[in-house]
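Containing mmCIF, C-alpha atoms: final-v8.cif.
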```
data_entry
loop_
_atom_site.label_atom_id
_atom_site.label_comp_id
_atom_site.auth_asym_id
_atom_site.auth_seq_id
_atom_site.Cartn_x
_atom_site.Cartn_y
_atom_site.Cartn_z
CA MET A 1 0.00 0.00 0.00
CA GLY A 2 1.25 3.50 -0.82
CA GLN A 3 1.89 6.13 1.81
CA ALA A 4 -0.16 9.30 2.14
CA GLY A 5 0.46 11.48 -0.87
CA GLN A 6 1.99 8.54 -2.76
CA PRO A 7 -0.68 6.69 -4.70
CA ARG A 8 0.13 3.09 -5.27
CA ARG A 9 1.30 2.26 -8.76
CA THR A 10 -1.07 -0.05 -10.53
CA HIS A 11 -0.61 -2.18 -13.61
CA ALA A 12 -3.13 -3.10 -16.24
CA ARG A 13 -2.81 -6.79 -15.37
CA ASP A 14 -2.65 -6.56 -11.58
CA GLY A 15 -6.33 -7.46 -11.27
CA GLU A 16 -5.80 -10.52 -13.44
CA LEU A 17 -2.65 -11.35 -11.51
CA GLY A 18 -4.39 -11.14 -8.15
CA ALA A 19 -7.18 -13.42 -9.33
CA ALA A 20 -4.70 -15.91 -10.79
CA VAL A 21 -2.78 -16.05 -7.53
CA GLU A 22 -5.97 -16.74 -5.57
CA TRP A 23 -6.88 -19.61 -7.88
CA ALA A 24 -3.32 -20.92 -7.80
CA GLN A 25 -3.43 -20.98 -4.01
CA ASP A 26 -6.46 -23.27 -4.35
CA GLY A 27 -4.39 -25.67 -6.45
CA ASP A 28 -5.19 -24.42 -9.97
CA GLU A 29 -2.01 -25.11 -11.98
CA ALA A 30 -3.26 -23.22 -15.02
CA ALA A 31 -3.78 -20.12 -12.84
CA PHE A 32 -0.23 -20.44 -11.52
CA ALA A 33 0.99 -20.50 -15.12
CA VAL A 34 -0.92 -17.27 -15.77
CA ALA A 35 0.71 -15.62 -12.75
CA TYR A 36 4.10 -16.82 -13.96
CA ARG A 37 3.59 -15.37 -17.44
CA ILE A 38 2.60 -11.99 -16.02
CA VAL A 39 5.43 -11.69 -13.48
CA GLN A 40 8.36 -13.49 -15.11
CA PRO A 41 9.41 -10.89 -17.74
CA GLY A 42 9.93 -8.13 -15.19
CA LEU A 43 11.51 -10.49 -12.67
CA LEU A 44 13.94 -11.78 -15.27
CA GLY A 45 14.92 -8.26 -16.32
CA TYR A 46 15.57 -7.37 -12.68
CA LEU A 47 17.75 -10.45 -12.19
CA ARG A 48 19.70 -9.74 -15.38
CA GLY A 49 20.61 -6.40 -13.85
CA ILE A 50 22.06 -8.19 -10.80
CA VAL A 51 23.53 -11.51 -11.97
CA GLY A 52 23.73 -11.00 -15.74
CA ASP A 53 23.75 -14.20 -17.80
CA ASP A 54 22.86 -16.34 -14.78
CA ALA A 55 19.45 -14.69 -14.49
CA GLU A 56 17.51 -17.64 -15.95
CA ASP A 57 19.00 -20.09 -13.43
CA VAL A 58 18.38 -17.75 -10.50
CA ALA A 59 14.82 -17.12 -11.69
CA SER A 60 14.19 -20.87 -11.80
CA ASP A 61 15.38 -21.22 -8.20
CA ALA A 62 13.17 -18.29 -7.19
CA TRP A 63 10.08 -19.80 -8.83
CA LEU A 64 10.63 -23.10 -7.05
CA GLU A 65 10.52 -21.20 -3.76
CA ILE A 66 7.55 -19.12 -4.90
CA ALA A 67 5.60 -22.26 -5.77
CA ARG A 68 6.56 -23.95 -2.50
CA ASP A 69 5.54 -20.99 -0.33
CA LEU A 70 2.58 -19.73 -2.35
CA GLY A 71 0.09 -20.69 0.35
CA ARG A 72 1.78 -18.25 2.75
CA PHE A 73 1.31 -15.25 0.50
CA LYS A 74 -1.39 -12.77 1.47
CA GLY A 75 -2.16 -9.82 -0.76
CA ASP A 76 -3.21 -8.63 -4.19
CA GLY A 77 -1.54 -8.61 -7.60
CA ALA A 78 0.74 -5.66 -6.81
CA GLY A 79 1.68 -7.29 -3.52
CA PHE A 80 2.54 -10.50 -5.34
CA ARG A 81 4.99 -8.60 -7.56
CA GLY A 82 6.77 -7.29 -4.48
CA TRP A 83 6.79 -10.68 -2.75
CA THR A 84 8.26 -12.44 -5.78
CA ALA A 85 10.87 -9.68 -6.21
CA THR A 86 11.97 -10.16 -2.59
CA ILE A 87 12.39 -13.91 -3.11
CA ALA A 88 14.27 -13.36 -6.39
CA ARG A 89 16.59 -10.86 -4.74
CA HIS A 90 17.44 -13.30 -1.95
CA ARG A 91 18.20 -16.01 -4.50
CA ALA A 92 20.38 -13.58 -6.47
CA LEU A 93 22.39 -12.66 -3.38
CA ASP A 94 22.78 -16.35 -2.51
CA HIS A 95 24.03 -16.96 -6.05
CA LEU A 96 26.59 -14.17 -5.79
CA ARG A 97 27.84 -15.54 -2.49
CA ARG A 98 28.13 -19.07 -3.83
CA GLN A 99 29.99 -17.92 -6.90
CA ARG A 100 32.05 -15.42 -4.92
CA VAL A 101 31.40 -12.96 -7.69
CA ARG A 102 30.71 -9.31 -7.33
CA PRO A 103 27.72 -7.67 -9.03
CA ARG A 104 28.53 -7.01 -12.67
CA ALA A 105 28.94 -3.26 -12.29
CA GLY A 106 31.39 -3.62 -9.41
CA GLY A 107 30.68 -3.14 -5.71
CA THR A 108 30.13 -5.67 -2.97
CA GLU A 109 27.31 -7.85 -1.73
CA GLN A 110 26.74 -5.31 1.03
CA ASP A 111 26.24 -2.67 -1.66
CA LEU A 112 23.40 -4.79 -3.02
CA LEU A 113 21.92 -5.17 0.43
CA ASP A 114 21.98 -1.39 0.86
CA LEU A 115 20.11 -0.50 -2.33
CA PRO A 116 17.35 2.11 -2.57
CA GLY A 117 14.70 2.76 -5.28
CA ALA A 118 12.92 5.63 -7.15
CA HIS A 119 10.76 8.00 -9.10
CA SER A 120 11.47 11.07 -11.23
CA THR A 121 13.17 10.64 -14.59
CA HIS A 122 13.97 11.52 -18.11
CA ASP A 123 11.82 9.80 -20.68
CA GLN A 124 14.19 10.78 -23.47
CA ALA A 125 17.10 8.95 -21.91
CA LEU A 126 15.20 5.72 -21.55
CA GLU A 127 13.42 5.96 -24.89
CA SER A 128 16.84 6.24 -26.55
CA LEU A 129 17.85 2.80 -25.35
CA SER A 130 16.97 -0.68 -26.44
CA THR A 131 16.05 -2.97 -23.54
CA GLU A 132 19.35 -4.87 -23.63
CA ARG A 133 21.42 -1.71 -23.96
CA ALA A 134 19.45 -0.14 -21.12
CA LEU A 135 20.16 -3.08 -18.82
CA GLU A 136 23.87 -2.89 -19.68
CA MET A 137 23.90 0.80 -18.80
CA VAL A 138 21.95 0.23 -15.59
CA ARG A 139 24.53 -2.36 -14.52
CA GLY A 140 27.11 0.42 -14.82
CA LEU A 141 25.33 2.61 -12.26
CA PRO A 142 26.28 2.69 -8.57
CA ARG A 143 24.64 -0.31 -6.92
CA ASP A 144 21.99 1.60 -4.98
CA GLN A 145 20.89 3.44 -8.10
CA ALA A 146 20.96 0.36 -10.31
CA GLU A 147 18.73 -1.81 -8.16
CA ALA A 148 16.36 1.05 -7.42
CA VAL A 149 15.86 1.64 -11.15
CA LEU A 150 15.39 -2.09 -11.80
CA LEU A 151 12.77 -2.52 -9.10
CA ARG A 152 10.87 0.65 -9.99
CA VAL A 153 10.98 0.45 -13.80
CA VAL A 154 11.56 -3.19 -14.74
CA VAL A 155 9.65 -5.01 -11.98
CA GLY A 156 7.18 -2.13 -11.75
CA LEU A 157 7.02 -1.68 -7.97
CA ASP A 158 5.91 1.55 -6.35
CA GLY A 159 8.24 3.36 -3.96
CA PRO A 160 7.02 1.77 -0.71
CA ALA A 161 7.02 -1.73 -2.23
CA ALA A 162 10.54 -1.32 -3.62
CA ALA A 163 11.64 -0.01 -0.23
CA ARG A 164 10.26 -3.11 1.48
CA VAL A 165 12.15 -5.38 -0.91
CA LEU A 166 15.37 -3.52 -0.15
CA GLY A 167 14.77 -2.89 3.54
CA LYS A 168 15.11 0.86 3.00
CA ARG A 169 13.00 3.98 3.40
CA PRO A 170 10.81 4.89 0.38
CA GLY A 171 12.44 8.31 0.17
CA ALA A 172 15.90 6.76 -0.11
CA VAL A 173 14.66 4.43 -2.84
CA ARG A 174 13.06 7.25 -4.82
CA THR A 175 16.21 9.34 -4.54
CA ALA A 176 18.46 6.54 -5.74
CA ALA A 177 16.26 5.80 -8.75
CA HIS A 178 16.03 9.49 -9.58
CA ARG A 179 19.81 9.84 -9.50
CA GLY A 180 20.32 6.70 -11.56
CA LEU A 181 17.95 7.84 -14.27
CA LYS A 182 19.53 11.29 -14.36
CA ARG A 183 22.93 9.65 -14.75
CA LEU A 184 21.63 7.59 -17.67
CA ALA A 185 20.35 10.81 -19.25
CA ARG A 186 23.75 12.47 -18.86
CA GLN A 187 25.50 9.48 -20.41
CA LEU A 188 23.22 9.88 -23.42
CA GLY A 189 23.91 13.61 -23.62
CA ILE A 190 20.35 14.56 -22.71
CA GLY A 191 19.75 17.75 -20.75
CA ASP A 192 18.12 18.26 -17.37
CA GLU A 193 14.94 19.96 -18.50
CA ALA A 194 11.46 18.67 -17.80
CA GLU A 195 11.90 16.01 -15.15
CA GLU A 196 8.89 13.75 -14.67
CA GLY A 197 7.95 10.64 -12.73
CA VAL A 198 8.81 7.19 -14.03
CA THR A 199 6.67 6.99 -17.18
CA GLN A 200 5.65 4.82 -20.06
CA GLY A 201 8.86 5.86 -21.81
CA ALA A 202 10.83 4.23 -19.03
CA HIS A 203 8.79 1.07 -19.36
CA ARG A 204 9.36 0.99 -23.11
CA ALA A 205 13.13 1.24 -22.67
CA LEU A 206 13.75 -0.97 -19.66
CA GLY A 207 10.65 -3.04 -19.26
CA LYS A 208 9.05 -3.63 -22.62
CA SER A 209 7.56 -6.89 -21.43
CA THR A 210 6.60 -5.89 -17.88
#
```
Give the structure from the file, written as structure tokens.
Amino acid sequence: MGQAGQPRRTHARDGELGAAVEWAQDGDEAAFAVAYRIVQPGLLGYLRGIVGDDAEDVASDAWLEIARDLGRFKGDGAGFRGWTATIARHRALDHLRRQRVRPRAGGTEQDLLDLPGAHSTHDQALESLSTERALEMVRGLPRDQAEAVLLRVVVGLDGPAAARVLGKRPGAVRTAAHRGLKRLARQLGIGDEAEEGVTQGAHRALGKST
């Protein structure tokens, strides 16, 4: 749920997602498949930003846990996005520890644990990038900014939900995402005029399939 003055972000398919999750919790395998198809693209994009080419394997591990613990989930479609992102993030951190590999853009595991998330941005910067190029550039951001952008734009979480995934304050998450998106704009040579919230342009660049 959003905080006062911060309406919760909604997605066109969140109603369908919430219904699918309810049916899946009653044992409907087809409904679970629907939930998977809705959530997986954004989840996979998020994981690519953390573990790169190992994203598919980490996502598979995450979905095994999601399926196992589905009965414990309580919430709606938007809440399910946040819950699955939290599980995926834990699996990604476990993977990095097992492989003793740092996140692709440099930094440490603690940097990942400290990440915030975001709002405000430059449509032009994101619209100038293909999805793959955008993810490569996001991996080059400081860790707090990178994961904030991924959770906000690719997974599609609102500020409070992204903050819960990261264990941070919503304001810190919004600030990190804002800074990351401004940095992307600078790298593309785009000016500072007309800042807006995260918009459909951002989704087109970073989360075409979210």
task = Work out how far atom CA of Gln40 of chain A is from atom CA of Arg81 of chain A, in Å to one decimal.
result = 9.6 Å
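Our summary of the geometry notes that atom CA of Arg91 of chain A is positioned 22.5 Å from atom CA of Leu17 of chain A.
If all atoms listed in the file are the atoms counted, then among A:Ala176, A:Ile87, A:Ala134, A:Leu47 the closest residue to Glu65 of chain A is A:Ile87.
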Matched chain/residue IDs from the PyMOL selection byres ((chain A and resi 161) around 8), as a short mmCIF file (atom, residue, chain, number, x, y, z; two decimals) with C-alpha atoms, in the frame of the given file:
```cif
data_model
loop_
_atom_site.label_atom_id
_atom_site.label_comp_id
_atom_site.auth_asym_id
_atom_site.auth_seq_id
_atom_site.Cartn_x
_atom_site.Cartn_y
_atom_site.Cartn_z
CA MET A 1 0.00 0.00 0.00
CA GLY A 2 1.25 3.50 -0.82
CA GLY A 79 1.68 -7.29 -3.52
CA GLY A 82 6.77 -7.29 -4.48
CA LEU A 157 7.02 -1.68 -7.97
CA ASP A 158 5.91 1.55 -6.35
CA GLY A 159 8.24 3.36 -3.96
CA PRO A 160 7.02 1.77 -0.71
CA ALA A 162 10.54 -1.32 -3.62
CA ALA A 163 11.64 -0.01 -0.23
CA ARG A 164 10.26 -3.11 1.48
CA VAL A 165 12.15 -5.38 -0.91
#
```
message = Applying 10 Å and only C-alpha atoms, which residues near segment 52-62 of chain A remain after dropping the ones on its own chain fewer than 2 positions away? List them as a VMD selection string.
response = chain A and resid 40 43 to 50 64 to 68 84 to 96 103 to 105 135 to 136 139
The PyMOL selection byres ((chain A and resi 21-23) around 12) resolved against shown file, as a PyMOL selection string = chain A and resi 14-20+24-39+66-67+70-81+83-84
